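Coordinates as given in data.cif (mmCIF, C-alpha atoms):
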data_run
#
loop_
_atom_site.label_atom_id
_atom_site.label_comp_id
_atom_site.auth_asym_id
_atom_site.auth_seq_id
_atom_site.Cartn_x
_atom_site.Cartn_y
_atom_site.Cartn_z
CA MET A 1 13.87 4.33 -9.01
CA LEU A 2 13.78 2.19 -12.17
CA ALA A 3 13.16 -0.99 -10.15
CA ALA A 4 10.17 0.64 -8.45
CA PHE A 5 8.84 1.82 -11.82
CA LEU A 6 9.14 -1.71 -13.24
CA ARG A 7 7.23 -3.15 -10.29
CA LYS A 8 4.52 -0.54 -10.59
CA VAL A 9 3.99 -1.17 -14.32
CA TYR A 10 3.99 -4.93 -13.72
CA ARG A 11 1.40 -4.60 -10.96
CA GLY A 12 -1.03 -2.84 -13.27
CA PHE A 13 -0.32 0.89 -13.34
CA ASP A 14 -2.32 2.20 -16.31
CA THR A 15 0.38 3.50 -18.64
CA SER A 16 -2.06 4.12 -21.49
CA ASP A 17 -3.19 7.59 -20.43
CA ASP A 18 -1.43 8.56 -17.21
CA ILE A 19 2.00 9.59 -15.90
CA GLU A 20 3.73 7.59 -13.17
CA PRO A 21 4.66 10.43 -10.77
CA ALA A 22 7.85 9.08 -9.16
CA MET A 23 9.57 8.28 -12.44
CA TRP A 24 8.34 11.55 -13.94
CA ARG A 25 9.85 13.52 -11.06
CA GLU A 26 13.19 11.75 -11.48
CA VAL A 27 13.42 12.37 -15.24
CA LEU A 28 12.32 15.97 -14.67
CA ARG A 29 15.01 16.42 -12.01
CA ILE A 30 17.69 15.26 -14.44
CA VAL A 31 16.54 17.44 -17.33
CA ASN A 32 16.11 20.46 -15.03
CA SER A 33 19.62 20.00 -13.67
CA ALA A 34 20.97 20.06 -17.24
CA THR A 35 19.03 23.26 -17.95
CA VAL A 36 20.31 24.95 -14.79
CA GLU A 37 23.89 23.92 -15.54
CA GLY A 38 23.61 25.23 -19.11
CA LEU A 39 22.21 28.58 -17.99
CA ALA A 40 24.86 28.92 -15.28
CA ASP A 41 27.67 28.13 -17.74
CA ALA A 42 26.59 30.95 -20.04
CA GLY A 43 28.77 34.04 -19.88
CA THR A 44 25.82 36.24 -18.89
CA PRO A 45 22.80 34.20 -17.77
CA PRO A 46 19.44 35.91 -18.34
CA THR A 47 18.30 38.06 -15.42
CA HIS A 48 14.85 39.41 -14.60
CA GLU A 49 13.27 36.98 -17.06
CA ALA A 50 10.79 35.10 -14.93
CA ASP A 51 8.53 34.27 -17.89
CA PHE A 52 11.42 32.75 -19.84
CA TYR A 53 12.51 30.59 -16.90
CA ALA A 54 8.90 29.50 -16.32
CA ALA A 55 8.63 28.47 -19.99
CA LEU A 56 11.80 26.39 -19.70
CA ARG A 57 10.57 24.66 -16.54
CA HIS A 58 7.19 23.90 -18.07
CA SER A 59 8.72 22.59 -21.29
CA ASN A 60 10.88 20.22 -19.24
CA GLU A 61 7.78 19.03 -17.36
CA VAL A 62 6.00 18.27 -20.61
CA PHE A 63 9.03 16.56 -22.15
CA ALA A 64 9.52 14.38 -19.05
CA ALA A 65 5.82 13.48 -19.09
CA PHE A 66 5.89 12.25 -22.68
CA LYS A 67 9.21 10.43 -22.14
CA VAL A 68 7.95 8.51 -19.09
CA HIS A 69 4.62 7.83 -20.79
CA ASN A 70 6.36 6.49 -23.89
CA MET A 71 8.66 4.24 -21.85
CA GLY A 72 5.83 2.88 -19.71
CA ARG A 73 3.59 2.23 -22.70
CA LEU A 74 6.31 0.27 -24.50
CA MET A 75 7.02 -1.77 -21.36
CA ALA A 76 3.34 -2.52 -20.72
CA SER A 77 2.91 -3.76 -24.29
CA LYS A 78 5.16 -6.72 -23.43
CA LEU A 79 3.41 -7.78 -20.21
CA PHE A 80 1.33 -10.53 -21.80
CA GLY A 81 2.32 -13.47 -23.93
CA ALA A 82 0.61 -14.69 -27.10
CA ASP A 83 -1.70 -16.80 -24.89
CA GLY A 84 -2.95 -13.66 -23.13
CA LYS A 85 -1.34 -14.64 -19.81
CA LEU A 86 0.80 -12.34 -17.70
CA LYS A 87 4.48 -13.19 -18.09
CA PRO A 88 6.58 -13.97 -14.98
CA PHE A 89 8.15 -10.80 -13.67
CA ASN A 90 11.76 -11.83 -14.26
CA LYS A 91 11.07 -12.89 -17.84
CA TRP A 92 9.23 -9.65 -18.55
CA ALA A 93 11.93 -7.51 -16.89
CA GLU A 94 14.55 -9.19 -19.07
CA GLU A 95 12.50 -8.56 -22.22
CA VAL A 96 12.03 -4.84 -21.48
CA GLU A 97 15.69 -4.30 -20.56
CA PRO A 98 16.49 -2.89 -24.05
CA ILE A 99 13.68 -0.35 -23.54
CA THR A 100 14.87 0.75 -20.10
CA SER A 101 18.54 0.79 -21.07
CA HIS A 102 17.76 3.18 -23.92
CA HIS A 103 15.29 5.45 -22.11
CA VAL A 104 17.22 5.87 -18.85
CA GLY A 105 20.66 5.07 -20.22
CA ALA A 106 22.10 6.24 -23.53
CA TRP A 107 19.11 8.34 -24.58
CA LEU A 108 18.80 10.12 -21.24
CA ARG A 109 22.53 10.87 -21.28
CA THR A 110 22.23 12.39 -24.75
CA GLU A 111 19.11 14.33 -23.73
CA TYR A 112 20.93 15.67 -20.68
CA ASP A 113 23.93 16.80 -22.73
CA THR A 114 21.75 18.38 -25.40
CA ALA A 115 19.48 20.11 -22.85
CA LEU A 116 22.58 21.61 -21.24
CA ILE A 117 23.90 22.86 -24.59
CA ARG A 118 20.53 24.27 -25.66
CA ALA A 119 20.04 26.06 -22.32
CA HIS A 120 23.49 27.64 -22.72
CA ASN A 121 22.64 28.65 -26.30
CA ALA A 122 19.29 30.03 -25.13
CA ALA A 123 21.02 32.23 -22.55
CA ASP A 124 23.36 33.45 -25.28
CA TRP A 125 20.39 34.19 -27.52
CA ARG A 126 18.69 36.32 -24.87
CA ARG A 127 21.91 38.34 -24.66
CA PHE A 128 22.04 38.67 -28.45
CA GLU A 129 18.53 40.12 -28.40
CA ARG A 130 19.47 42.63 -25.68
CA ASP A 131 22.65 43.77 -27.43
CA LYS A 132 21.58 43.79 -31.08
CA ASP A 133 21.45 47.58 -31.26
CA VAL A 134 25.22 47.63 -30.68
CA MET A 135 26.21 44.39 -32.44
CA PRO A 136 23.42 43.54 -34.85
CA ASN A 137 24.84 40.38 -36.48
CA LEU A 138 25.65 36.79 -35.53
CA ARG A 139 28.43 34.62 -36.94
CA TRP A 140 28.39 30.81 -36.82
CA MET A 141 31.49 29.64 -34.91
CA PRO A 142 33.35 26.30 -35.17
CA THR A 143 32.37 23.39 -32.96
CA THR A 144 34.37 22.57 -29.84
CA SER A 145 33.70 18.85 -30.24
CA PRO A 146 36.85 16.70 -30.54
CA THR A 147 34.99 14.52 -33.05
CA PRO A 148 32.80 16.94 -35.04
CA GLU A 149 30.23 15.65 -37.50
CA SER A 150 30.05 17.27 -40.89
CA SER A 151 26.53 18.75 -40.94
CA HIS A 152 27.50 22.21 -39.69
CA ARG A 153 31.04 22.42 -41.06
CA ALA A 154 30.10 24.62 -44.03
CA PHE A 155 28.35 27.11 -41.72
CA TRP A 156 31.57 28.10 -39.97
CA GLU A 157 33.95 27.48 -42.87
CA ARG A 158 31.96 29.97 -44.97
CA ARG A 159 31.82 32.38 -41.98
CA LEU A 160 28.06 32.71 -42.26
CA THR A 161 27.05 36.04 -40.67
CA LEU A 162 23.44 37.25 -40.44
CA PRO A 163 21.36 39.78 -38.47
CA VAL A 164 19.96 38.63 -35.12
CA ASP A 165 16.41 39.09 -36.46
CA ASP A 166 17.00 37.11 -39.66
CA PRO A 167 14.36 34.34 -40.07
CA PHE A 168 17.23 31.99 -40.98
CA TRP A 169 17.90 31.52 -37.24
CA ASN A 170 14.40 30.06 -36.81
CA ARG A 171 15.36 27.17 -39.10
CA HIS A 172 19.11 26.81 -38.39
CA HIS A 173 21.01 27.33 -35.15
CA PRO A 174 23.64 25.67 -32.98
CA GLY A 175 22.04 22.88 -30.99
CA ASP A 176 19.73 21.74 -33.79
CA ARG A 177 21.56 18.40 -33.89
CA TRP A 178 22.07 16.05 -30.94
CA ASN A 179 25.22 16.95 -28.98
CA CYS A 180 26.04 19.79 -31.37
CA LYS A 181 28.75 21.97 -29.80
CA CYS A 182 28.73 24.86 -32.28
CA SER A 183 28.04 28.40 -31.09
CA LEU A 184 27.22 31.89 -32.37
CA GLU A 185 29.31 35.01 -31.89
CA GLN A 186 27.77 38.48 -31.85
CA THR A 187 29.52 40.96 -34.10
CA ASP A 188 29.18 44.25 -35.96
CA ASP A 189 30.97 42.79 -39.00
CA PRO A 190 28.99 42.92 -42.24
CA ALA A 191 26.31 40.28 -42.83
CA THR A 192 26.66 37.68 -45.61
CA PRO A 193 23.02 37.02 -46.64
CA GLU A 194 24.17 35.84 -50.06
CA LEU A 195 25.38 32.62 -48.39
CA LYS A 196 21.97 31.56 -47.07
CA GLY A 197 20.99 29.74 -50.24
CA GLU A 198 23.91 27.36 -49.81
CA PHE A 199 22.28 25.87 -46.70
CA ASP A 200 18.69 25.36 -47.86
CA GLY A 201 19.17 21.59 -47.95
CA GLU A 202 20.29 21.34 -44.31
CA ARG A 203 17.60 20.30 -41.83
CA PRO A 204 17.66 20.11 -38.02
CA GLN A 205 17.24 16.72 -36.40
CA ARG A 206 13.76 15.81 -35.24
CA GLY A 207 12.86 17.43 -31.93
CA LEU A 208 15.52 20.13 -32.22
CA GLU A 209 13.99 22.40 -34.86
CA ASN A 210 13.05 25.21 -32.48
CA ASN A 211 15.20 28.06 -31.16
CA THR A 212 15.03 27.63 -27.36
CA GLY A 213 16.10 31.22 -26.81
CA ARG A 214 13.00 32.43 -28.61
CA ASP A 215 10.25 30.04 -27.46
CA GLY A 216 11.59 28.72 -24.12
CA HIS A 217 11.18 25.07 -25.15
CA THR A 218 14.16 22.84 -24.41
CA PHE A 219 12.99 20.36 -27.06
CA ASN A 220 10.48 20.78 -29.86
CA ASP A 221 7.16 18.92 -29.74
CA THR A 222 8.16 17.10 -32.93
CA HIS A 223 10.40 14.87 -30.78
CA PRO A 224 9.57 11.15 -31.23
CA TYR A 225 8.22 10.93 -27.67
CA PHE A 226 5.44 13.36 -28.65
CA PRO A 227 2.30 12.36 -30.61
CA ASP A 228 1.95 13.34 -34.26
CA SER A 229 -1.44 14.95 -33.60
CA CYS A 230 -4.07 15.47 -30.91
CA ALA A 231 -6.01 12.52 -32.31
CA LYS A 232 -3.04 10.26 -31.56
CA CYS A 233 -2.38 11.66 -28.09
CA ASP A 234 -3.34 9.41 -25.17
CA PHE A 235 -3.71 12.40 -22.85
CA TYR A 236 -6.12 14.11 -25.23
CA ARG A 237 -8.08 10.88 -25.78
CA LYS A 238 -8.50 10.70 -21.99
CA ALA A 239 -10.55 13.91 -22.16
CA ASN A 240 -14.32 13.65 -21.92
CA ILE A 241 -16.33 12.87 -25.04
CA LYS A 242 -17.68 16.42 -25.34
CA ASN A 243 -14.19 17.92 -25.55
CA ARG A 244 -13.00 15.24 -27.98
CA LEU A 245 -15.96 15.93 -30.28
CA LEU A 246 -15.39 19.67 -29.99
CA GLY A 247 -11.76 19.13 -30.99
CA GLY A 248 -12.92 17.26 -34.09
CA PHE A 249 -15.31 20.00 -35.15
CA THR A 250 -12.79 22.78 -34.56
CA ASN A 251 -9.88 20.91 -36.21
CA ARG A 252 -7.81 21.20 -33.04
CA GLN A 253 -4.15 21.86 -33.80
CA LYS A 254 -1.38 20.18 -31.86
CA ASP A 255 0.32 22.50 -29.35
CA CYS A 256 1.77 20.26 -26.66
CA TYR A 257 3.35 23.05 -24.63
CA ASN A 258 0.02 24.88 -24.35
CA CYS A 259 -2.32 21.91 -23.89
CA PRO A 260 -4.77 21.79 -20.97
CA TYR A 261 -4.94 18.00 -21.15
CA ILE A 262 -1.24 17.32 -20.65
CA ASP A 263 -1.12 20.16 -18.09
CA GLY A 264 -3.89 18.41 -16.16
CA CYS A 265 -1.94 15.14 -16.15
CA ILE A 266 1.16 16.97 -14.94
CA ASP A 267 -0.78 18.71 -12.17
CA ARG A 268 -2.09 15.34 -11.03
CA ALA A 269 1.42 13.86 -11.11
CA LYS A 270 2.69 16.75 -8.98
CA GLY A 271 0.07 16.09 -6.34
CA LYS A 272 0.03 12.31 -6.47
CA ASP A 273 3.15 11.72 -4.38
CA ASP A 274 1.72 13.40 -1.28
CA ILE A 275 -1.71 11.89 -1.90
CA ALA A 276 -0.24 8.41 -2.37
CA LYS A 277 1.83 8.69 0.82
CA ALA A 278 -1.24 9.67 2.86
CA ALA A 279 -3.30 6.85 1.33
CA PHE A 280 -0.52 4.30 1.95
CA ALA A 281 -0.24 5.34 5.60
CA LYS A 282 -4.00 4.98 6.05
CA LYS A 283 -4.04 1.56 4.37
CA ASP A 284 -1.21 0.40 6.61
CA GLU A 285 -3.17 1.55 9.66
CA VAL A 286 -6.23 -0.38 8.46
CA LYS A 287 -4.23 -3.59 8.17
CA GLN A 288 -2.27 -3.14 11.40
CA LYS A 289 -5.40 -2.41 13.46
CA ASP A 290 -7.63 -4.82 11.52
CA LEU A 291 -10.19 -2.09 10.86
CA MET A 292 -11.70 -4.17 8.03
CA PRO A 293 -12.03 -7.60 9.67
CA LYS A 294 -12.57 -10.83 7.77
CA ASN A 295 -16.23 -11.87 7.73
CA ASP A 296 -17.02 -14.65 5.27
CA MET A 297 -20.41 -15.12 3.66
CA THR A 298 -22.79 -13.01 5.73
CA MET A 299 -26.35 -12.11 4.87
CA CYS A 300 -26.93 -8.56 3.66
CA ASP A 301 -30.35 -7.40 2.51
CA ALA A 302 -28.90 -4.40 0.68
CA LEU A 303 -27.26 -6.65 -1.92
CA GLU A 304 -28.88 -8.09 -5.02
CA THR A 305 -27.66 -11.59 -4.11
CA GLY A 306 -28.24 -11.10 -0.38
CA VAL A 307 -24.83 -12.59 0.47
CA LEU A 308 -21.61 -10.65 1.10
CA ASN A 309 -18.13 -12.19 1.10
CA ARG A 310 -15.48 -10.27 3.07
CA THR A 311 -12.02 -11.88 3.11
CA TYR A 312 -8.62 -10.29 3.51
CA LYS A 313 -7.93 -10.87 -0.17
CA VAL A 314 -11.13 -8.98 -1.01
CA ARG A 315 -10.13 -6.23 1.45
CA ASN A 316 -6.73 -5.83 -0.19
CA ARG A 317 -8.29 -5.65 -3.64
CA LEU A 318 -10.68 -2.93 -2.50
CA LEU A 319 -7.87 -0.95 -0.81
CA LYS A 320 -5.80 -1.17 -3.99
CA HIS A 321 -8.50 0.91 -5.70
CA CYS A 322 -8.49 3.58 -2.97
CA HIS A 323 -6.22 6.41 -4.05
CA HIS A 324 -6.85 8.97 -1.27
CA ASP A 325 -6.86 8.65 2.50
CA TYR A 326 -10.54 9.68 2.54
CA ASP A 327 -11.27 6.84 0.08
CA VAL A 328 -9.72 4.44 2.60
CA ASN A 329 -11.85 5.88 5.41
CA ALA A 330 -14.94 5.45 3.25
CA ALA A 331 -13.94 1.86 2.48
CA VAL A 332 -13.60 1.09 6.19
CA TYR A 333 -17.04 2.59 6.79
CA ILE A 334 -18.88 0.68 4.07
CA TRP A 335 -17.02 -2.57 4.80
CA ASN A 336 -18.42 -2.49 8.31
CA ASN A 337 -21.80 -0.98 7.35
CA PRO A 338 -22.80 -2.67 4.05
CA ASP A 339 -26.49 -2.14 4.79
CA ARG A 340 -25.96 1.57 3.96
CA MET A 341 -25.44 0.78 0.26
CA ALA A 342 -28.18 1.57 -2.28
CA PHE A 343 -28.38 -0.37 -5.55
CA GLU A 344 -27.69 1.60 -8.73
CA ALA A 345 -26.99 -0.67 -11.70
CA VAL A 346 -25.52 -3.87 -13.06
CA SER A 347 -22.37 -3.44 -15.13
CA PRO A 348 -20.88 -6.04 -17.50
CA LEU A 349 -17.22 -6.98 -17.27
CA GLY A 350 -15.13 -4.79 -19.53
CA GLU A 351 -17.57 -1.88 -19.63
CA GLY A 352 -15.77 1.28 -20.73
CA LYS A 353 -12.57 -0.61 -21.58
CA ASP A 354 -10.89 -0.90 -24.96
CA MET A 355 -11.35 -4.59 -25.64
CA ASP A 356 -8.91 -4.43 -28.55
CA ASN A 357 -6.23 -3.90 -25.91
CA PRO A 358 -4.71 -7.32 -24.99
CA GLU A 359 -3.97 -6.07 -21.46
CA HIS A 360 -7.66 -5.32 -20.89
CA ARG A 361 -8.76 -8.63 -22.40
CA ALA A 362 -6.34 -10.51 -20.15
CA ASN A 363 -7.68 -8.64 -17.12
CA ILE A 364 -11.24 -9.72 -17.94
CA ARG A 365 -10.10 -13.30 -18.49
CA ARG A 366 -8.48 -13.38 -15.02
CA LYS A 367 -11.68 -12.09 -13.44
CA LYS A 368 -13.70 -14.84 -15.11
CA GLU A 369 -11.19 -17.41 -13.88
CA ARG A 370 -11.90 -16.14 -10.35
CA GLY A 371 -15.58 -16.80 -10.97
CA VAL A 372 -16.67 -13.19 -11.48
CA VAL A 373 -19.80 -12.86 -13.65
CA GLU A 374 -20.50 -9.12 -13.60
CA TYR A 375 -20.29 -5.99 -11.48
CA VAL A 376 -23.05 -4.56 -9.32
CA LYS A 377 -22.84 -0.84 -8.58
CA TYR A 378 -24.06 0.69 -5.32
CA SER A 379 -23.89 4.18 -3.83
CA PHE A 380 -23.53 5.50 -0.30
CA THR A 381 -22.75 8.73 1.52
CA TYR A 382 -19.91 9.14 3.99
CA LYS A 383 -19.15 12.41 5.80
CA GLY A 384 -20.98 14.48 3.23
CA LYS A 385 -19.32 12.85 0.21
CA ASP A 386 -21.15 10.60 -2.25
CA PHE A 387 -19.35 7.42 -3.29
CA GLU A 388 -19.90 4.69 -5.83
CA VAL A 389 -18.78 1.23 -4.78
CA LYS A 390 -18.52 -1.62 -7.25
CA LEU A 391 -18.99 -5.21 -6.13
CA GLU A 392 -18.18 -8.36 -8.07
CA ARG A 393 -21.06 -10.82 -8.43
CA CYS A 394 -19.65 -14.32 -8.48
CA LYS A 395 -21.17 -17.41 -10.09
CA LYS A 396 -21.45 -19.12 -6.69
CA GLY A 397 -24.14 -16.63 -5.72
CA TYR A 398 -22.46 -14.00 -3.58
CA GLU A 399 -20.99 -10.51 -4.00
CA GLN A 400 -17.68 -9.06 -2.85
CA PHE A 401 -16.17 -5.58 -2.79
CA TYR A 402 -14.01 -4.60 -5.75
CA SER A 403 -13.53 -0.81 -6.10
CA LEU A 404 -14.64 2.49 -4.62
CA ALA A 405 -14.53 6.07 -5.86
CA GLU A 406 -16.00 9.43 -4.95
CA LYS A 407 -18.73 10.49 -7.38
#
This entry written out as structure tokens:
Amino acid sequence: MLAAFLRKVYRGFDTSDDIEPAMWREVLRIVNSATVEGLADAGTPPTHEADFYAALRHSNEVFAAFKVHNMGRLMASKLFGADGKLKPFNKWAEEVEPITSHHVGAWLRTEYDTALIRAHNAADWRRFERDKDVMPNLRWMPTTSPTPESSHRAFWERRLTLPVDDPFWNRHHPGDRWNCKCSLEQTDDPATPELKGEFDGERPQRGLENNTGRDGHTFNDTHPYFPDSCAKCDFYRKANIKNRLLGGFTNRQKDCYNCPYIDGCIDRAKGKDDIAKAAFAKKDEVKQKDLMPKNDMTMCDALETGVLNRTYKVRNRLLKHCHHDYDVNAAVYIWNNPDRMAFEAVSPLGEGKDMDNPEHRANIRRKKERGVVEYVKYSFTYKGKDFEVKLERCKKGYEQFYSLAEK
């Protein structure tokens, strides 16, 4: 899975504002398995709590999305050398090995263990809520870790005991440190609220501040994988300009687990696997049956230059930009019927791209090295759908297909 993810990032997957679906599914599978194991290990797992389980599943989806996005973005930042040229794959893979070893090695192991613990604690918490009329208080119990760290020692040594509804449990709880193995015990023994002041200086570790049993979030959205604000979120920045401006005027507050922008990216990731498989099968059929035959330098009155270049390399580049099987069918149609195109506009290289991004600058430089001067946009209709097709105009006086998308 990791090898495929590396190849995909190296071949140009846009990690800046999207989620690679295969890697996302794998990370999600691992975190979900930890959650299920933690719930199952609880003495009395929650029953008839569909909303709570749905919240846990969704929080894991969001966490996995930001984790994969963060890993891919860090890896992509090392693709190009100081000269702006793409590094050889093996050199790049070696340079990003510390990133991958952390994200899918030690960190993922710790995240798995902590997700399991917090799911177990969440199941316990739901039981505490149900039984608080009989046993209204909770006592902090000693850790079961063979090598306990000192942060929580005073909690159990002082036998801190507080009501289930005490706000203290919003700020302090077992599982608020990585791999914490403390627990709470429900009791009808008297509470000790006078002890609370002794723990004001203790703070949870970043990303573990929330009580999973109350909000259904395995990790808090303060985790380092998450953005500090909407303005710094790549998924929010991907939104259209109207929504971004609206967010600025309404002082949009960060709420990653209730965000339509990250939900949209997740929905696309869920559907992309099936879509990608259908598109791949169609592309393979095109190549096997030669449905887009090579046809060098032919006259075409529909083009601004009047000359169309159709080579297999051009075909493969066009197919690379087709993400649905119906895109591939449309590409086959317009490849063989270029006279059906209608001119729309000329587009400069780099239009709509962030030219402060070295990856984008390097991409433009490679196009210029191939002799590309600018893009020419055309439109056509295929089976009731309107498409825009972008052709590269080359300095030798011809055009060639580059990309295609439904309008």
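Residues captured in this structure file are A:Arg139, A:Trp140, A:Met141, A:Pro142, A:His152, A:Arg153, A:Ala154, A:Phe155, A:Trp156, A:Glu157, A:Arg159, A:Leu160, A:Thr161, A:Ala191, A:Thr192, A:Pro193, A:Glu194, A:Leu195, A:Lys196, A:Glu198, A:Phe199, according to the PyMOL selection byres ((chain A and resi 158) around 12).
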- [ ] Evaluate the PyMOL selection byres ((chain A and resi 309-315) around 7) here and jot the selected residues down as a list of chain:residue names.
- [x] A:Lys294, A:Asn295, A:Asp296, A:Met297, A:Thr298, A:Val307, A:Leu308, A:Asn316, A:Arg317, A:Leu318, A:Leu319, A:Tyr398, A:Glu399, A:Gln400, A:Phe401
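The interatomic distance for the pair atom CA of A:His323 and atom CA of A:Lys368 works out to 25.1 Å.
When all atoms listed in the file are used to compute distances to A:Lys132, the closest of the residues A:Gln186, A:Ser150, A:Thr114, A:Ser347 turns out to be A:Gln186.
Here atom CA of A:Phe219 is placed at a distance of 11.7 Å from atom CA of A:Lys67.
Using all atoms listed in the file, the smallest distance between any of A:Thr212, A:Asn179, A:Gln288, A:Thr187 and A:Phe52 comes from A:Thr212.
Rounded to one decimal, atom CA of A:His223 and atom CA of A:Arg206 lie 5.7 Å from each other.
Residue membership of the PyMOL selection byres ((chain A and resi 167-171) around 8) in the shown file amounts to Val164, Asp165, Asp166, His172, His173, Lys196, Arg203, Pro204, Glu209, Asn210 and Asn211 of chain A.
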Open item on the list: Report as a ChimeraX atom specification all protein, DNA and RNA residues lying within 8 Å of stretch 6-9 of chain A, evaluated on all atoms listed in the file, omitting residues in the same chain fewer than 5 positions from it.
Closed with: /A:14-15,72,75-76,93
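Residue nearest A:Lys283, chosen from A:Thr305, A:Ala4, A:Arg268, A:His321 and counting all atoms listed in the file: A:His321.
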Open item on the list: Quick one: residues within 12 Å of A:Arg127, only C-alpha atoms, excluding same-chain residues fewer than 6 positions away - as number ranges by chain?
Closed with: A: 39, 42-47, 49, 120-121, 133-136, 138, 164, 184-186, 213-214
TODO: Give me the residues within 7 Å of A:Lys395 as a PyMOL selection string, counting all atoms listed in the file and dropping any in the same chain fewer than 4 places off.
DONE: chain A and resi 371-373
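Of the residues listed (A:Phe63, A:Trp178, A:Tyr378, A:Phe343), A:Phe63 shows the shortest atom-to-atom separation from A:Ile262; distances use only C-alpha atoms.
Counting only C-alpha atoms, the residue from A:Ala405, A:Leu162, A:Ala106, A:Met23 that sits nearest to A:Ala3 is A:Met23.
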Quick one: axis-aligned box around all listed atoms of stretch 18-36 of chain A, 3 Å on every side, centre and edge lengths in Å to one decimal, written as AutoDock Vina command-line options.
--center_x 9.8 --center_y 16.3 --center_z -13.6 --size_x 28.4 --size_y 23.4 --size_z 14.8
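When all atoms listed in the file are used to compute distances to A:Cys259, the closest of the residues A:Cys230, A:Leu208, A:Ile334, A:Ala278 turns out to be A:Cys230.
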TODO: Do a neighbour search on A:Glu37 at 10 Å with only C-alpha atoms, toss out local chain neighbours closer than 2 positions, and write the hits as a ChimeraX atom specification.
DONE: /A:31-35,39-42,115-117,119-120
Kindly export the residues of the current selection with C-alpha atoms, as a short mmCIF file (atom, residue, chain, number, x, y, z; two decimals), in the coordinates of the input.
data_model
loop_
_atom_site.label_atom_id
_atom_site.label_comp_id
_atom_site.auth_asym_id
_atom_site.auth_seq_id
_atom_site.Cartn_x
_atom_site.Cartn_y
_atom_site.Cartn_z
CA VAL A 31 16.54 17.44 -17.33
CA ASN A 32 16.11 20.46 -15.03
CA SER A 33 19.62 20.00 -13.67
CA ALA A 34 20.97 20.06 -17.24
CA THR A 35 19.03 23.26 -17.95
CA LEU A 39 22.21 28.58 -17.99
CA ALA A 40 24.86 28.92 -15.28
CA ASP A 41 27.67 28.13 -17.74
CA ALA A 42 26.59 30.95 -20.04
CA ALA A 115 19.48 20.11 -22.85
CA LEU A 116 22.58 21.61 -21.24
CA ILE A 117 23.90 22.86 -24.59
CA ALA A 119 20.04 26.06 -22.32
CA HIS A 120 23.49 27.64 -22.72
#
